[in-house]
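Q: So that we are looking at the same thing, I have put the structure below in structure tokens.
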Amino acid sequence: MAVGIVGYGAYLPRLRITKKEYQQAWGNCAAGIKEKTVMDFDEDALTMGVEAAKEALKCGINPEEIEILCWASTNPPYQEKMVSGAAAVMLGLREDVIATEHGQSIRAGSEALLTAWAFLSAGSGRNALVIAADAPRACPRESIEHGLGAGGVAYILGTENLIAEIDGFNSFVNEMLGERFRPAGDNNLRDIGVRAFTFASYNQLVTRALQSLMEKLGRKPSDYNYLVIQEIDGRSAKSVAKKLGFDEEQLAPGLLYEQTGDTGASSALLSLAAVLDQSKPGEKILLAAYGSGAGSMAVSLTVTGAPLKEGRNTVKKQLDENITYLGYAQYLQVKRYI
Amino acid sequence: MGAHISIPMYQRAVKQRYRLVGLKCLKCGKINFPPKAGCKYCGNFDQFEEAQLSGKGKVYSYTIIAGAGAPPEFSEEAAYRRFYPVVLVELDEGPRIVAQLVDVEKDQVEIGMPVELVIRRIYTEEDVIRYGYKFRPKKD
Amino acid sequence: MRRVAIVGAGQTPYGEFPTLGVKELFAWAFKDMLHSVDKGIDPREIQLAYIGSLSAGSGFQLGQLAALLMGHVGLPHVPAIRVENACASGGFALYSAICAVASGKCDIALAGGIEKMRDVSSTKTKYWLGISGDTEFERLAGLTFAGIYALVASRYMHEFGLTREQLAKVAVKNHRHGAMNPKAQFRREITLEMAVAGAPVAYPLNIWDCCPTTDGAAVVLLCSEERAREFTDHPVYIIGYGAGTDYLAVQDRDCITSFKAARMAAQEAYKQAGVKPEDIDFAEVHDCFTIAEVVAYYDLGFCEKGEAGRLLDEEATSLGGRIPVNVSGGLKSKGHPIGATGCGQAYEVFNQLRGQAKNPERQIKNAEIGLSHNVGGSGGTATVFIYRREG
């Protein structure tokens, strides 16, 4: 039984802050962004995720037909308290929806996707809703903060009228100390400030996942039309892709970091949405997610041909339209840093 | 301290706040929102069923609240925004409801403008986030 | 039902009294009332008391305030009832006391009202002031009362072309009147330019559109017609009294540019009095916000729907105009100690009708019939009284 994507929706908040604001405030911007997305004062991962889910549900699936709900965020509204119930009431989902919540790293979005896939593959339901939404935080004095953005994305998985079929996946984990973490009881991300150390972990795990999945499926880079690699900065994904023999055209459609910053657990799936927005039947997509500390995951998809909804709110549209720019002082206020 | 909406009180209206669930009168067919024990339109007292409102409507009237004009629950938000619009929206199904209007500049607000529902944080008290409906200019 | 007369009325000055609490303020108004009774009265003759208050000193005595206050003036055994209908608490205290006398339950009753608003910070004030709308669905949309009235104003401007200047004219007029009233909180005239350009509170309303918070108390002594002449040869009869109620939340009302509760109250009062709006010589109107007075003109029948702006342009409601409104300064300039307001309005009408407006320049000449209009919140409740001077 083929399981895949029957609907999806992205949500990027309308607020932005530019690299220039950071340069003016701090003398430099440590992140490879041009600008990045910022949640409004009254938004959080839940409200962004619900927005994305409402967009995804426009594919025609009735909320009551959703039997599985998999939520992912590293910055849920509460450190402890289920989010699924709030999302379910807001969206009109059934009370007996099978709900799972993920959030130990920014790989959480992809974990939620595969969890939903596994439930459907096991015959535990016909439609699943995957929501990933995030807005990582760090101390504004730390350079790691400069690249942190915000966004949400949602997928509806099912077994009929697929937009794209999931045809393979894998997962890797390893112990990697200190490259990006949040101490218990702390809202702020940290790293040890050694970029090469972070890249080494990322490179090793992402490469491993991508290579092994291609091997398993008997494919090579040129068999794929698109490559999505979760972006933790402006360079690492490009670097890994190049080493593996993918070219820029394969990677470019999924690169969002320059305009959104690091959207945490929603990042890889937002990039996938951007790719799906422009995909055509028969095309193949390879995706790799990364979670610090560390783990990776690869997913292979084939675009199957269910038509995309006309007039949908594409990622590109949200990147480019109806934007409001913030000054740095407003940014500090809206993020509740001050 | 004065008036305060307790958490249990807020909880009891979660379906209304998160999803605009109204009560449809089975006698006259109209939807009461917020739900009422007696139908606002025909006075019927006992035949109702839950009905989901679309969240689409038009601005019937509006105001732009300036910082000092905000209720205390909203003072932090007002301090950040300086101004925020509140609209009385006439929903497509008939009921009118008051809510904040978001994703809009204050000089863009006008009577008659089409709006749609969005779920946002309303305010936080006792560290409990109160989510609920707001509106934004209708897209597309 | 029996006819009911006012034979005495008292009021504290309205303003800010940091050294006086509710008990002292009430006693001040009570004493002022006793002195106004032409032939004098033994306070122990009072048989029943209704006292209006929203929050009794910012909430310190929400329970049994009336007993506390009556005890303080030496009348612990007069049955006393606290009445709460937000800004119309005083009006409903008066309404209740009139009904008690009219029904024959008693001959002499006291109606009073009090509020002590200036003891707490403006933030704390907002916490309890914002409780008189539908708290759950109005305040939690980010609205205070100014915001709710702003919704009314926006819609009124949209439907009837009322201008920002016309709204401001209400404030300018009432400040001009209030400047002449020795008991007003703000005895200061303002210009139209100032009133248009005030700091924004809730568009289209600015700070000059809003009444202040106020400390104050007012009491009215009511008496049956049979016994009125024992106390004065110049009683003021309440010839019509009406009350109305509506959905508390403006979102539940079909029309927000007129308050049905006030229209109901006015119709009832006019019918009972057997007079028409054009018979009214002057009125004390509930202008908690400028737009409230605008709305009241139609609700009270002083103009056709949407015509209030014209009335202001013609200065018909200014002192010396066709129907002077709020010669006391209104809530806007005289002040608005919430629970006291309805009785304070009766105090003003009583004095005007008896030619005792203190300051001759503010005395309305030869007035025979007066009206007062007291609104709770944004029109959830309302009372209207029509008074006539006899003898």
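By convention in this document, the chains of the structure tokens carry letters A, B, ... by their order, each chain's residues are numbered from 1, and ligands are numbered from 1 in the order they are shown.
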DSSP on the backbone: what in chain B comes out helix (DSSP H, G or I), as a list in words?
A: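 Those in chain B that DSSP calls helix (DSSP H, G or I) are Ile7, Pro8, Met9, Tyr10, Gln11, Arg12, Val14, Lys15, Gln16, Arg17, Tyr18, Arg19, Gly67, Ala68, Gly69, Pro72, Glu73, Phe74, Ser75, Glu76, Glu77, Ala78, Ala79, Tyr80, Arg81, Lys106, Asp107 and Gln108 of chain B.
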Q: How about saving the chosen residues, C-alpha atoms kept, as a CSV table (one decimal), in the first residue's frame?
A:
```
chain,number,residue,atom,x,y,z
B,7,ILE,CA,-9.0,29.5,34.0
B,8,PRO,CA,-12.0,27.3,34.4
B,9,MET,CA,-14.2,30.0,33.0
B,10,TYR,CA,-11.9,30.4,30.0
B,11,GLN,CA,-11.9,26.6,29.6
B,12,ARG,CA,-15.7,26.5,29.4
B,14,VAL,CA,-12.7,26.9,24.5
B,15,LYS,CA,-14.8,25.6,21.7
B,16,GLN,CA,-16.1,29.1,21.0
B,17,ARG,CA,-12.7,30.7,21.3
B,18,TYR,CA,-10.7,28.1,19.4
B,19,ARG,CA,-13.2,27.3,16.7
B,67,GLY,CA,-1.6,52.0,24.5
B,68,ALA,CA,-3.3,53.6,27.5
B,69,GLY,CA,-6.7,52.5,26.3
B,72,PRO,CA,-4.7,45.5,31.8
B,73,GLU,CA,-4.4,42.0,30.3
B,74,PHE,CA,-3.3,43.6,27.0
B,75,SER,CA,-0.9,46.2,28.4
B,76,GLU,CA,2.2,44.3,27.4
B,77,GLU,CA,1.0,43.8,23.9
B,78,ALA,CA,-0.2,47.4,23.7
B,79,ALA,CA,3.3,48.6,24.8
B,80,TYR,CA,4.8,46.7,22.0
B,81,ARG,CA,2.3,47.6,19.3
B,106,LYS,CA,-3.9,50.9,11.4
B,107,ASP,CA,-4.7,53.1,8.4
B,108,GLN,CA,-5.9,50.2,6.4
```
Q: At a cut-off of 12 Å, can you tabulate as CSV every residue of chain B near chain A together with its closest atom pair and the distance in Å to one decimal, using only C-alpha atoms and ordering rows by chain then number?
A:
```
residue,atom,partner,partner_atom,distance
B:Gln11,CA,A:Ala86,CA,11.2
B:Ala13,CA,A:Val89,CA,11.5
B:Val14,CA,A:Val89,CA,8.1
B:Lys15,CA,A:Val89,CA,6.9
B:Gln16,CA,A:Met90,CA,9.6
B:Arg17,CA,A:Met90,CA,8.6
B:Tyr18,CA,A:Met90,CA,4.8
B:Arg19,CA,A:Met90,CA,5.3
B:Leu20,CA,A:Met90,CA,9.1
B:Val21,CA,A:Gly92,CA,9.9
B:Ala51,CA,A:Gly92,CA,11.9
B:Gln52,CA,A:Gly92,CA,9.4
B:Leu53,CA,A:Gly92,CA,11.9
B:Phe74,CA,A:Asp42,CA,10.8
B:Glu76,CA,A:Phe41,CA,9.6
B:Glu77,CA,A:Phe41,CA,7.0
B:Ala78,CA,A:Phe41,CA,10.1
B:Ala79,CA,A:Gln333,CA,9.3
B:Tyr80,CA,A:Gln333,CA,6.4
B:Arg81,CA,A:Phe41,CA,8.5
B:Arg82,CA,A:Gln330,CA,11.1
B:Tyr84,CA,A:Phe41,CA,11.6
B:Gln100,CA,A:Asp42,CA,10.8
B:Leu101,CA,A:Asp42,CA,11.5
B:Val102,CA,A:Asp42,CA,9.2
B:Asp103,CA,A:Arg14,CA,7.6
B:Val104,CA,A:Thr324,CA,9.7
B:Glu105,CA,A:Thr324,CA,9.6
B:Leu117,CA,A:Glu51,CA,10.5
B:Val118,CA,A:Glu51,CA,7.7
B:Ile119,CA,A:Thr47,CA,6.2
B:Arg120,CA,A:Asp42,CA,5.6
B:Arg121,CA,A:Asp42,CA,4.7
B:Ile122,CA,A:Asp42,CA,6.8
B:Tyr123,CA,A:Asp42,CA,7.9
B:Thr124,CA,A:Asp42,CA,10.0
B:Asp127,CA,A:Tyr78,CA,9.4
B:Val128,CA,A:Tyr78,CA,8.9
B:Ile129,CA,A:Pro77,CA,8.1
B:Arg130,CA,A:Asp42,CA,10.2
B:Tyr131,CA,A:Thr47,CA,8.6
B:Gly132,CA,A:Met90,CA,9.0
B:Tyr133,CA,A:Met90,CA,9.6
B:Lys134,CA,A:Asp42,CA,10.1
B:Pro137,CA,A:Asn322,CA,11.3
B:Lys139,CA,A:Asn313,CA,9.4
B:Asp140,CA,A:Gly311,CA,8.2
```
Q: Just need the residues of chain B within 8 Å of chain C, counting only C-alpha atoms, so spit them out as a PDB file with C-alpha atoms, in the first residue's frame.
A:
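As a result, out.pdb now contains:
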```pdb
ATOM      1  CA  MET B   1      -7.576  43.217  42.143  1.00  0.00           C
ATOM      2  CA  GLY B   2     -10.879  43.241  40.361  1.00  0.00           C
ATOM      3  CA  ALA B   3     -12.270  41.411  37.419  1.00  0.00           C
ATOM      4  CA  HIS B   4     -10.401  38.431  36.197  1.00  0.00           C
ATOM      5  CA  ILE B   5     -11.474  35.594  33.947  1.00  0.00           C
ATOM      6  CA  TYR B  60     -19.146  46.342  10.882  1.00  0.00           C
ATOM      7  CA  SER B  61     -17.296  48.848  13.031  1.00  0.00           C
ATOM      8  CA  TYR B  62     -13.815  49.311  14.413  1.00  0.00           C
ATOM      9  CA  THR B  63     -11.588  51.174  16.791  1.00  0.00           C
ATOM     10  CA  ILE B  64      -7.855  51.573  17.137  1.00  0.00           C
ATOM     11  CA  ILE B  65      -6.897  51.115  20.767  1.00  0.00           C
ATOM     12  CA  ALA B  66      -3.985  53.284  21.828  1.00  0.00           C
ATOM     13  CA  GLY B  67      -1.592  52.026  24.474  1.00  0.00           C
ATOM     14  CA  ALA B  68      -3.252  53.582  27.491  1.00  0.00           C
ATOM     15  CA  GLY B  69      -6.702  52.549  26.284  1.00  0.00           C
ATOM     16  CA  ALA B  70      -5.971  48.833  26.577  1.00  0.00           C
ATOM     17  CA  PRO B  71      -7.376  46.593  29.304  1.00  0.00           C
ATOM     18  CA  PRO B  72      -4.702  45.476  31.773  1.00  0.00           C
ATOM     19  CA  GLU B  73      -4.415  41.991  30.269  1.00  0.00           C
ATOM     20  CA  PHE B  74      -3.316  43.635  27.036  1.00  0.00           C
ATOM     21  CA  VAL B  86     -10.372  45.931  17.461  1.00  0.00           C
ATOM     22  CA  VAL B  87     -13.230  45.219  15.103  1.00  0.00           C
ATOM     23  CA  LEU B  88     -16.889  44.345  15.369  1.00  0.00           C
ATOM     24  CA  PRO B  95     -23.798  36.969  14.266  1.00  0.00           C
ATOM     25  CA  ARG B  96     -21.547  39.886  15.098  1.00  0.00           C
ATOM     26  CA  ILE B  97     -18.462  39.400  17.230  1.00  0.00           C
ATOM     27  CA  VAL B  98     -15.781  41.642  18.654  1.00  0.00           C
ATOM     28  CA  ALA B  99     -12.137  40.690  18.226  1.00  0.00           C
ATOM     29  CA  GLN B 100      -8.716  42.075  17.480  1.00  0.00           C
ATOM     30  CA  ILE B 111     -15.868  49.439   7.685  1.00  0.00           C
ATOM     31  CA  ILE B 122      -5.065  36.659  23.299  1.00  0.00           C
TER      32      ILE B 122
END
```
Q: So how many Å separate CA of Lys183 (chain C) and CA of Lys23 (chain C), to one decimal?
A: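 A separation of 19.0 Å between them.
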Q: I'd like to know which of C:Gly344, C:Gly320, C:Gly8, C:Gly133 is closest to Val236 (chain C), using only C-alpha atoms.
A: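 That would be C:Gly8, the residue with the smallest distance to Val236 (chain C).
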Q: Find the distance between CA of Glu268 (chain C) and CA of Phe45 (chain B) and write it in Å to one decimal.
A: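 One can read the CA of Glu268 (chain C) to CA of Phe45 (chain B) distance as 28.0 Å.
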Q: Could you jot down the CA of Ala72 (chain A) to CA of Gly234 (chain A) separation for me, Å, one decimal place?
A: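 Computed distance, CA of Ala72 (chain A) to CA of Gly234 (chain A), equals 23.1 Å.
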Q: Rank nothing, just name the residue among A:Ala138, A:Ala265, A:Met297, A:Ala150 nearest to Glu35 (chain A), using only C-alpha atoms.
A: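 Under the stated criterion, the closest residue is A:Ala150.
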Q: Would you kindly return, as a list in words, each protein, DNA or RNA residue with an atom no farther than 10 Å from any atom of Cys42 (chain B), considering only C-alpha atoms and excluding same-chain residues fewer than 5 positions away?
A: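 The residues that qualify are Cys25, Lys27, Cys28, Gly29 and Lys30 of chain B.
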Q: Keeping only C-alpha atoms, write the selected residues as a short mmCIF file (atom, residue, chain, number, x, y, z; two decimals), in the first residue's frame.
A:
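To be explicit, this is the file written out as selection-v1.cif:
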```
data_model
loop_
_atom_site.label_atom_id
_atom_site.label_comp_id
_atom_site.auth_asym_id
_atom_site.auth_seq_id
_atom_site.Cartn_x
_atom_site.Cartn_y
_atom_site.Cartn_z
CA CYS B 25 -31.67 27.31 16.77
CA LYS B 27 -36.83 26.55 15.34
CA CYS B 28 -35.71 29.57 13.34
CA GLY B 29 -32.48 28.22 11.87
CA LYS B 30 -30.31 31.09 13.00
#
```
Q: When you count only C-alpha atoms, which of these residues is closest to Phe17 (chain C): C:Ser36, C:Asn359, C:Asn326, C:Thr214?
A: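 Checking each candidate against Phe17 (chain C), we get C:Thr214 as the closest.
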Q: Skipping near chain neighbours, those fewer than 6 positions away, what residues fall within 9 Å of Glu93 (chain B) using only C-alpha atoms, listed as a list in words?
A: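 Counting only C-alpha atoms, the residues come to Lys30, Ile31, Leu53, Ser54, Gly55, Lys56 and Gly57 of chain B.
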Q: Take the selection from the previous step and output its residues with C-alpha atoms, as an mmCIF file, in the first residue's frame.
A:
```cif
data_model
loop_
_atom_site.group_PDB
_atom_site.id
_atom_site.type_symbol
_atom_site.label_atom_id
_atom_site.label_comp_id
_atom_site.auth_asym_id
_atom_site.auth_seq_id
_atom_site.Cartn_x
_atom_site.Cartn_y
_atom_site.Cartn_z
ATOM 1 C CA LYS B 30 -30.309 31.093 12.995
ATOM 2 C CA ILE B 31 -26.984 30.701 14.754
ATOM 3 C CA LEU B 53 -19.242 29.305 11.951
ATOM 4 C CA SER B 54 -17.072 29.950 8.905
ATOM 5 C CA GLY B 55 -15.058 32.742 10.473
ATOM 6 C CA LYS B 56 -15.572 34.878 7.392
ATOM 7 C CA GLY B 57 -17.249 38.236 7.542
#
```
Q: Name all residues at most 10 Å from Thr191 (chain C) (count only C-alpha atoms; drop same-chain ones fewer than 4 positions away) and give them as a VMD selection string.
A: chain C and resid 168 to 169 171 to 173 175 to 176 195 to 196
Q: Name all residues at most 10 Å from region 242-245 of chain A (count only C-alpha atoms; drop same-chain ones fewer than 6 positions away) and give them as a short mmCIF file (atom, residue, chain, number, x, y, z; two decimals) with N, CA and C atoms, in the first residue's frame.
A:
```cif
data_model
loop_
_atom_site.label_atom_id
_atom_site.label_comp_id
_atom_site.auth_asym_id
_atom_site.auth_seq_id
_atom_site.Cartn_x
_atom_site.Cartn_y
_atom_site.Cartn_z
N ASN A 203 27.95 17.07 8.71
CA ASN A 203 28.44 16.47 7.47
C ASN A 203 28.43 14.95 7.56
N THR A 207 25.50 13.06 5.38
CA THR A 207 26.10 12.30 4.28
C THR A 207 25.77 10.82 4.41
N LEU A 210 22.04 10.15 3.52
CA LEU A 210 21.76 10.29 2.09
C LEU A 210 22.39 9.15 1.29
N GLN A 211 23.64 8.88 1.57
CA GLN A 211 24.33 7.83 0.83
C GLN A 211 23.69 6.47 1.03
N LYS A 220 21.31 7.02 -7.66
CA LYS A 220 22.45 7.92 -7.57
C LYS A 220 21.93 9.36 -7.62
N PRO A 221 22.77 10.33 -7.28
CA PRO A 221 22.30 11.72 -7.24
C PRO A 221 21.55 12.15 -8.49
N SER A 222 21.98 11.71 -9.65
CA SER A 222 21.34 12.18 -10.88
C SER A 222 19.94 11.59 -11.07
N SER A 236 26.31 25.02 5.05
CA SER A 236 26.59 23.60 5.26
C SER A 236 25.84 22.68 4.30
N LEU A 251 19.48 21.50 -5.67
CA LEU A 251 19.39 21.97 -4.29
C LEU A 251 18.60 23.28 -4.15
#
```
Q: Which residues, written as a list of chain:residue names, have at least one atom at most 6 Å from Gly22 (chain B), with only C-alpha atoms counted and residues fewer than 6 positions away on the same chain left out?
A: B:Asn32, B:Phe33, B:Pro35, B:Glu50, B:Ala51
Q: Based on the selection just made, write N, CA and C atoms of those residues as a PDB file, in the first residue's frame.
A:
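The new file again.pdb reads:
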```pdb
ATOM      1  N   ASN B  32     -26.738  31.361  17.069  1.00  0.00           N
ATOM      2  CA  ASN B  32     -26.424  32.249  18.180  1.00  0.00           C
ATOM      3  C   ASN B  32     -24.948  32.101  18.522  1.00  0.00           C
ATOM      4  N   PHE B  33     -24.243  33.217  18.534  1.00  0.00           N
ATOM      5  CA  PHE B  33     -22.859  33.200  18.994  1.00  0.00           C
ATOM      6  C   PHE B  33     -22.583  34.465  19.768  1.00  0.00           C
ATOM      7  N   PRO B  35     -23.070  31.177  22.358  1.00  0.00           N
ATOM      8  CA  PRO B  35     -24.293  30.424  22.618  1.00  0.00           C
ATOM      9  C   PRO B  35     -25.147  31.072  23.714  1.00  0.00           C
ATOM     10  N   GLU B  50     -25.124  22.309  17.904  1.00  0.00           N
ATOM     11  CA  GLU B  50     -23.886  23.037  17.686  1.00  0.00           C
ATOM     12  C   GLU B  50     -23.689  23.299  16.200  1.00  0.00           C
ATOM     13  N   ALA B  51     -23.162  24.459  15.884  1.00  0.00           N
ATOM     14  CA  ALA B  51     -22.910  24.777  14.485  1.00  0.00           C
ATOM     15  C   ALA B  51     -21.600  25.535  14.376  1.00  0.00           C
TER      16      ALA B  51
END
```
